[in-house]
Amino acid sequence: MTSSTARRPTVLISGASRGLGAELARIYAADGWRVLACARGSVSRTGEADRFQLDVADPASIEALGKALAGVAIDVLINNAAVRGDTGGLSTLEADDFLDVMRVNALAPLLMTRALLANLKDGKRRIVVNISSRAGSLAEGTLDDDDGDYAYRCSKAALNMATVKLAQDLKGDGISVLSLHPGWVKTDMGGSDAVVSVADSAAGLKAIIDRADLAASGSFHAYDGRRISW
Ligand code: NDP
């Protein structure tokens with residue numbers, strides 16, 4: 001096989017329309033990766049990327065993506081799409097909002113991993129990245145943060161268990177599963193007071209993913225490499 005026919009490493013990113021997902025798509029493409037950029041609407045700022053329609057809140061959309069990508073090897077799956085939901089605390093907690101957040105932030109990464117499992121097994125790196133949040137850490141999430149985002153915190157705590165359970169189940173297939181916290185990032189979700197640029201966060205996350213191996217599976221780290229307690 002010549003270098004011109006060698007398969008490029010491939011990353012699939014959900015929520016690539018804006019924010020961190022768009023920047024991750026951009027830097028992976030700039031590094032020579034094939035990028036499968038998924039979004040429920042239009043995808044911008046992704047450079048050279050293959051674009052796919054994906055609403056992670058809809059299991060049928062996830063299944064359709066899996067079918068459309070049959071036979072395509074995927075090295076890294078980044079479950080990035082997420083919503084914040086209500087932030088008003090216990091008094092404004094609302095059942096439908098809570099369940100919508102759980103569906104997107106906690107359930108969808110599991111359905112995505114299942115739908116793309118054969119693709120990951122065909123890949124060389126075999127890594128699933130769940131973009132989590134320190135806000136979902138039982139040990140650290142409330143240390144310096146009293147936001148009343150019950151749904152979001154609970155969804156990211158559930159996502160962290162999904163990481164640990166998937167790491168256990170997929171170890172035999174040589175697939176590593178990570179929870180990564182991107183920092184408090186200047187995006188629509190993070191807001192203008194956030195302290196980390198999208199570029200720094202994405203670069204830090206990519207560096208961690210680049211060096212991840214099976215020994216790192218089932219771990220929780222921040223974009224700057226710091227280990228986060230569950
Ligand atoms: P943004 O709100 O800026 O972007 C969210 C992305 O998720 C958008 O692309 C949005 O698409 C997509 N998305 C939401 N719902 C769906 C859906 N049903 N189907 C497909 N795509 C969907 O968030 P960030 O970029 O800041 O967040 C990226 C990740 O980082 C998330 O997992 C978030 O929880 C995490 N995080 C962010 C922090 C921060 O400070 N920003 C802190 C800690 C964690 P659309 O354009 O269609 O709405």
# chains A, B, ... in the order shown; residues from 1 in each chain; ligands from 1
call {"tool": "residues_near_ligand", "arguments": {"ligand": "ligand 1", "cutoff": "6 Å", "atoms": "only C-alpha atoms and all ligand atoms", "output": "PyMOL selection string"}}
result
chain A and resi 15-21+39-41+54-57+80-83+104+131-133+181-190
call {"tool": "closest_residue", "arguments": {"among": "A:Leu214, A:Gly141, A:Asp193, A:Arg84", "to": "Val128 in chain A", "atoms": "only C-alpha atoms"}}
result
A:Leu214
call {"tool": "residues_around", "arguments": {"residues": "Ile62 in chain A", "least_positions_apart": "4", "cutoff": "12 Å", "atoms": "only C-alpha atoms", "output": "PyMOL selection string"}}
result
chain A and resi 14+38-40+52-58+66-69+79+104+107-116
call {"tool": "residues_around", "arguments": {"residues": "Arg227 in chain A", "least_positions_apart": "3", "cutoff": "12 Å", "atoms": "only C-alpha atoms", "output": "VMD selection string"}}
result
chain A and resid 134 137 140 178 to 181 208 216 218 to 224 230
call {"tool": "select_by_dssp", "arguments": {"residues": "range 7-168 of chain A", "states": "helix (DSSP H, G or I)", "output": "JSON, numbers by chain"}}
result
{"A": [19, 20, 21, 22, 23, 24, 25, 26, 27, 28, 29, 30, 59, 60, 61, 62, 63, 64, 65, 66, 67, 68, 90, 91, 92, 95, 96, 97, 98, 99, 100, 101, 102, 103, 104, 105, 106, 107, 108, 109, 110, 111, 112, 113, 114, 115, 117, 118, 119, 120, 121, 122, 134, 135, 136, 150, 151, 152, 153, 154, 155, 156, 157, 158, 159, 160, 161, 162, 163, 164, 165, 166, 167, 168]}
call {"tool": "atom_distance", "arguments": {"atom1": "CA of Arg211 in chain A", "atom2": "CA of Tyr152 in chain A"}}
result
28.6 Å
call {"tool": "atom_distance", "arguments": {"atom1": "CA of Ala25 in chain A", "atom2": "CA of Ala203 in chain A"}}
result
11.1 Å
call {"tool": "residues_around", "arguments": {"residues": "Leu120 in chain A", "least_positions_apart": "2", "cutoff": "7 Å", "atoms": "only C-alpha atoms", "output": "PDB file with N, CA and C atoms, in the first residue's frame"}}
result
ATOM      1  N   ALA A  73     -14.496   2.528   8.588  1.00  0.00           N
ATOM      2  CA  ALA A  73     -13.735   2.404   9.837  1.00  0.00           C
ATOM      3  C   ALA A  73     -13.667   3.753  10.545  1.00  0.00           C
ATOM      4  N   ILE A  74     -13.917   3.738  11.850  1.00  0.00           N
ATOM      5  CA  ILE A  74     -13.833   4.963  12.654  1.00  0.00           C
ATOM      6  C   ILE A  74     -12.804   4.740  13.758  1.00  0.00           C
ATOM      7  N   ASP A  75     -11.822   5.614  13.830  1.00  0.00           N
ATOM      8  CA  ASP A  75     -10.777   5.484  14.853  1.00  0.00           C
ATOM      9  C   ASP A  75     -11.200   6.094  16.180  1.00  0.00           C
ATOM     10  N   LEU A 116     -22.260   2.429  16.269  1.00  0.00           N
ATOM     11  CA  LEU A 116     -20.992   2.543  15.526  1.00  0.00           C
ATOM     12  C   LEU A 116     -19.929   1.553  16.012  1.00  0.00           C
ATOM     13  N   LEU A 117     -20.373   0.558  16.752  1.00  0.00           N
ATOM     14  CA  LEU A 117     -19.411  -0.397  17.331  1.00  0.00           C
ATOM     15  C   LEU A 117     -18.607  -1.136  16.258  1.00  0.00           C
ATOM     16  N   ALA A 118     -19.287  -1.592  15.216  1.00  0.00           N
ATOM     17  CA  ALA A 118     -18.570  -2.311  14.148  1.00  0.00           C
ATOM     18  C   ALA A 118     -17.558  -1.391  13.481  1.00  0.00           C
ATOM     19  N   ASP A 122     -13.370  -1.764  13.382  1.00  0.00           N
ATOM     20  CA  ASP A 122     -12.599  -1.711  12.133  1.00  0.00           C
ATOM     21  C   ASP A 122     -11.504  -0.649  12.182  1.00  0.00           C
ATOM     22  N   GLY A 123     -11.573   0.246  13.179  1.00  0.00           N
ATOM     23  CA  GLY A 123     -10.588   1.327  13.280  1.00  0.00           C
ATOM     24  C   GLY A 123      -9.307   0.859  13.955  1.00  0.00           C
ATOM     25  N   ARG A 126      -9.446   2.952  17.993  1.00  0.00           N
ATOM     26  CA  ARG A 126     -10.519   2.367  18.826  1.00  0.00           C
ATOM     27  C   ARG A 126     -10.735   3.144  20.132  1.00  0.00           C
TER      28      ARG A 126
END
call {"tool": "residues_around", "arguments": {"residues": "range 89-102 of chain A", "least_positions_apart": "3", "cutoff": "6 Å", "atoms": "only C-alpha atoms", "output": "PyMOL selection string"}}
result
chain A and resi 105-106+148+151+155
call {"tool": "write_last_selection", "arguments": {"atoms": "N, CA and C atoms", "output": "mmCIF file, in the first residue's frame"}}
result
data_model
loop_
_atom_site.group_PDB
_atom_site.id
_atom_site.type_symbol
_atom_site.label_atom_id
_atom_site.label_comp_id
_atom_site.auth_asym_id
_atom_site.auth_seq_id
_atom_site.Cartn_x
_atom_site.Cartn_y
_atom_site.Cartn_z
ATOM 1 N N ASN A 105 -27.717 13.969 26.609
ATOM 2 C CA ASN A 105 -26.386 13.963 27.231
ATOM 3 C C ASN A 105 -25.940 12.588 27.732
ATOM 4 N N ALA A 106 -26.893 11.756 28.130
ATOM 5 C CA ALA A 106 -26.510 10.471 28.747
ATOM 6 C C ALA A 106 -26.885 9.273 27.878
ATOM 7 N N GLY A 148 -27.704 25.959 39.508
ATOM 8 C CA GLY A 148 -28.850 25.075 39.785
ATOM 9 C C GLY A 148 -29.253 24.236 38.591
ATOM 10 N N ALA A 151 -30.596 18.973 35.899
ATOM 11 C CA ALA A 151 -30.668 18.016 34.787
ATOM 12 C C ALA A 151 -29.279 17.810 34.187
ATOM 13 N N SER A 155 -27.189 14.417 34.251
ATOM 14 C CA SER A 155 -26.917 13.765 32.955
ATOM 15 C C SER A 155 -25.429 13.467 32.791
#
call {"tool": "closest_residue", "arguments": {"among": "A:Val164, A:Ala199, A:Ala212, A:Leu138", "to": "Ala22 in chain A", "atoms": "only C-alpha atoms"}}
result
A:Ala199
call {"tool": "closest_residue", "arguments": {"among": "A:Gly136, A:Gly172, A:Gly225, A:Pro59", "to": "Tyr150 in chain A", "atoms": "only C-alpha atoms"}}
result
A:Gly136
call {"tool": "atom_distance", "arguments": {"atom1": "CA of Ala202 in chain A", "atom2": "CA of Ala30 in chain A"}}
result
12.6 Å
call {"tool": "select_by_dssp", "arguments": {"residues": "range 90-133 of chain A", "states": "strand (DSSP E)", "output": "ChimeraX atom specification"}}
result
/A:127-131
call {"tool": "write_last_selection", "arguments": {"atoms": "all heavy atoms", "output": "PDB file, in the first residue's frame"}}
result
ATOM      1  N   ILE A 127     -11.170   4.383  19.988  1.00  0.00           N
ATOM      2  CA  ILE A 127     -11.384   5.236  21.160  1.00  0.00           C
ATOM      3  C   ILE A 127     -12.771   5.873  21.100  1.00  0.00           C
ATOM      4  O   ILE A 127     -13.165   6.416  20.062  1.00  0.00           O
ATOM      5  CB  ILE A 127     -10.315   6.351  21.240  1.00  0.00           C
ATOM      6  CG1 ILE A 127      -8.928   5.742  21.426  1.00  0.00           C
ATOM      7  CG2 ILE A 127     -10.619   7.325  22.375  1.00  0.00           C
ATOM      8  CD1 ILE A 127      -7.795   6.737  21.336  1.00  0.00           C
ATOM      9  N   VAL A 128     -13.478   5.804  22.225  1.00  0.00           N
ATOM     10  CA  VAL A 128     -14.739   6.528  22.395  1.00  0.00           C
ATOM     11  C   VAL A 128     -14.494   7.616  23.435  1.00  0.00           C
ATOM     12  O   VAL A 128     -14.024   7.330  24.543  1.00  0.00           O
ATOM     13  CB  VAL A 128     -15.874   5.599  22.883  1.00  0.00           C
ATOM     14  CG1 VAL A 128     -17.147   6.406  23.146  1.00  0.00           C
ATOM     15  CG2 VAL A 128     -16.141   4.491  21.867  1.00  0.00           C
ATOM     16  N   VAL A 129     -14.816   8.856  23.062  1.00  0.00           N
ATOM     17  CA  VAL A 129     -14.657   9.983  23.985  1.00  0.00           C
ATOM     18  C   VAL A 129     -16.033  10.533  24.318  1.00  0.00           C
ATOM     19  O   VAL A 129     -16.778  10.937  23.422  1.00  0.00           O
ATOM     20  CB  VAL A 129     -13.801  11.104  23.352  1.00  0.00           C
ATOM     21  CG1 VAL A 129     -13.725  12.301  24.294  1.00  0.00           C
ATOM     22  CG2 VAL A 129     -12.413  10.593  23.017  1.00  0.00           C
ATOM     23  N   ASN A 130     -16.366  10.533  25.579  1.00  0.00           N
ATOM     24  CA  ASN A 130     -17.587  11.174  26.037  1.00  0.00           C
ATOM     25  C   ASN A 130     -17.210  12.532  26.622  1.00  0.00           C
ATOM     26  O   ASN A 130     -16.500  12.592  27.641  1.00  0.00           O
ATOM     27  CB  ASN A 130     -18.284  10.310  27.087  1.00  0.00           C
ATOM     28  CG  ASN A 130     -18.835   9.022  26.505  1.00  0.00           C
ATOM     29  OD1 ASN A 130     -19.306   9.014  25.362  1.00  0.00           O
ATOM     30  ND2 ASN A 130     -18.787   7.942  27.264  1.00  0.00           N
ATOM     31  N   ILE A 131     -17.649  13.592  25.945  1.00  0.00           N
ATOM     32  CA  ILE A 131     -17.365  14.922  26.491  1.00  0.00           C
ATOM     33  C   ILE A 131     -18.308  15.129  27.675  1.00  0.00           C
ATOM     34  O   ILE A 131     -19.524  15.281  27.523  1.00  0.00           O
ATOM     35  CB  ILE A 131     -17.554  16.038  25.435  1.00  0.00           C
ATOM     36  CG1 ILE A 131     -16.633  15.794  24.225  1.00  0.00           C
ATOM     37  CG2 ILE A 131     -17.256  17.386  26.079  1.00  0.00           C
ATOM     38  CD1 ILE A 131     -15.143  15.902  24.490  1.00  0.00           C
TER      39      ILE A 131
END
call {"tool": "closest_residue", "arguments": {"among": "A:Ser197, A:Ala70, A:Gly85, A:Val177", "to": "Asp147 in chain A", "atoms": "only C-alpha atoms"}}
result
A:Gly85
call {"tool": "closest_residue", "arguments": {"among": "A:Ser229, A:Asp50, A:Val35, A:Leu170", "to": "Leu143 in chain A", "atoms": "only C-alpha atoms"}}
result
A:Ser229
call {"tool": "closest_residue", "arguments": {"among": "A:Lys171, A:Lys165, A:Lys124, A:Lys206", "to": "Ile78 in chain A", "atoms": "only C-alpha atoms"}}
result
A:Lys206
